[in-house]
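Undergrad: Okay, handing you the structure first.
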Amino acid sequence: MNRLNDIASALLQSLLSVVKIVLQSKWCRKLPQTAQGEELVVLGNGPSLNDTMAHSMPFLRERALMAVNFAACAGEFSSLKPRYYVLADPHFFTATEQPNVQKLWRVLGEEVDWPMTLLVPHRFRKQMRANALAAGNASVQVAYYNTTPIEGFEWLENVTFKAQLGMPRPRNVLIPSIMLGMALGFSTIYVAGADHSWTRTLSVDDDNRVVSIQPHFYKEDAHEEKRVRTEYMNYPLHQIMYSFYVAFRSYFTIARYASHRGVKIFNITPGSFIDAFPRMKV
């Protein structure tokens with residue numbers, strides 16, 4: 001009976017995924033596999049990245065780097081000079097009046113003086129065309145990717161992931177970052193700064209509002225701290241815990257797909273809560 005239930009569930013998820021691909025995914029030129037055989041370090045913004053940068057900078061400098069989210073606002077950004085930069089959250093494209101977002105686009109548009117590819121979800125192509133800063137830097141090449149969540153039979157996941165029509169449910173920016181690393185052809189991917197220790201900072205106040213403190217390797221400004229704190233207060237605890245579940249489950253889907261592709265993924269984040277990838281100390 002359980003076997004039949006699993007098949008029925010996978011069939012339903014597969015059908016829904018096909019519908020989402022038709023409605024949401026853009027059929028366009030795939031990202032070229034320009035990094036065949038190279039190694040990539042995906043730099044999450046967790047506080048442990050400070051320790052990695054302090055003790056393992058030679059390791060980082062010998063490999064291609066991929067930064068995410070507000071990393072460009074950190075003082076270390078210009079010394080790291082990442083080859084790739086990934087944005088996924090709609091906040092970066094719909095809240096352009098906010099100071100932190102404005103600073104991000106100013107750095108990407110005016111201060112990046114090394115070759116860098118900025119990877120943006122397809123659904124924000126229109127906003128990118130209207131972004132003068134994004135289009136004004138000859139050093140930054142913009143490429144697009146599909147964030148359509150795909151679930152179902154493994155063969156369907158494998159085919160659609162390889163075709164870059166979707167990915168495991170992208171609960172956070174690290175999920176598309178690793179998938180994009182595989183799409184670009186990297187043979188080994190290291191994950192740094194991916195603490196994911198959200199449950200340690202999660203609480204509920206006396207007004208039944210969820211409080212979550214999410215520290216980063218850089219110091220967050222007061223405006224961004226308030227935005228994140230307010231955003232979490234808008235959701236009940238069970239929804240937030242479920243979103244955590246979705247993220248950690250997506251990593252296991254990535255690990256399975258990486259094995260299928262022959263790609264090695266190592267978690268080099270000290271104290272990381274991600275349990276899907278083998279650990280490595282650098």
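Identifiers in this document derive from the order of the structure tokens: chains are assigned A, B, ..., residues are numbered from 1 separately in each chain, and ligands are numbered from 1 in order of occurrence.
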Determine, using only C-alpha atoms, which residues of segment 21-87 of chain A have any atom at most 9 Å from an atom of segment 143-155 of chain A, and tabulate each with its shortest atom pair and distance in Å to one decimal place, rows ordered by chain and then rising number, as JSON lines.
TA:
```
{"residue": "A:Ile21", "atom": "CA", "partner": "A:Thr148", "partner_atom": "CA", "distance": 6.6}
{"residue": "A:Gln24", "atom": "CA", "partner": "A:Thr148", "partner_atom": "CA", "distance": 6.5}
{"residue": "A:Ser25", "atom": "CA", "partner": "A:Asn146", "partner_atom": "CA", "distance": 5.8}
{"residue": "A:Lys26", "atom": "CA", "partner": "A:Asn146", "partner_atom": "CA", "distance": 6.8}
{"residue": "A:Lys30", "atom": "CA", "partner": "A:Tyr145", "partner_atom": "CA", "distance": 8.1}
{"residue": "A:Leu31", "atom": "CA", "partner": "A:Ala143", "partner_atom": "CA", "distance": 7.7}
```
Undergrad: Kindly give the distance, in Å, that separates atom CA of Val22 of chain A and atom CA of Leu156 of chain A, rounded to a single decimal.
TA: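 Computed distance, atom CA of Val22 of chain A to atom CA of Leu156 of chain A, equals 14.2 Å.
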Undergrad: Can you list, as a PyMOL selection string, every protein, DNA or RNA residue that comes within 12 Å of segment 243-246 of chain A when you count only C-alpha atoms, leaving out same-chain residues fewer than 2 positions away?
TA: chain A and resi 149+151+168-172+175+196-199+202+232+235-241+248-253+273-274
Undergrad: Ranking A:Leu118, A:Ala192, A:Leu4, A:Ala10 by minimum distance to Asn45 of chain A and counting only C-alpha atoms, which one comes first?
TA: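 The closest residue to Asn45 of chain A is A:Ala192.
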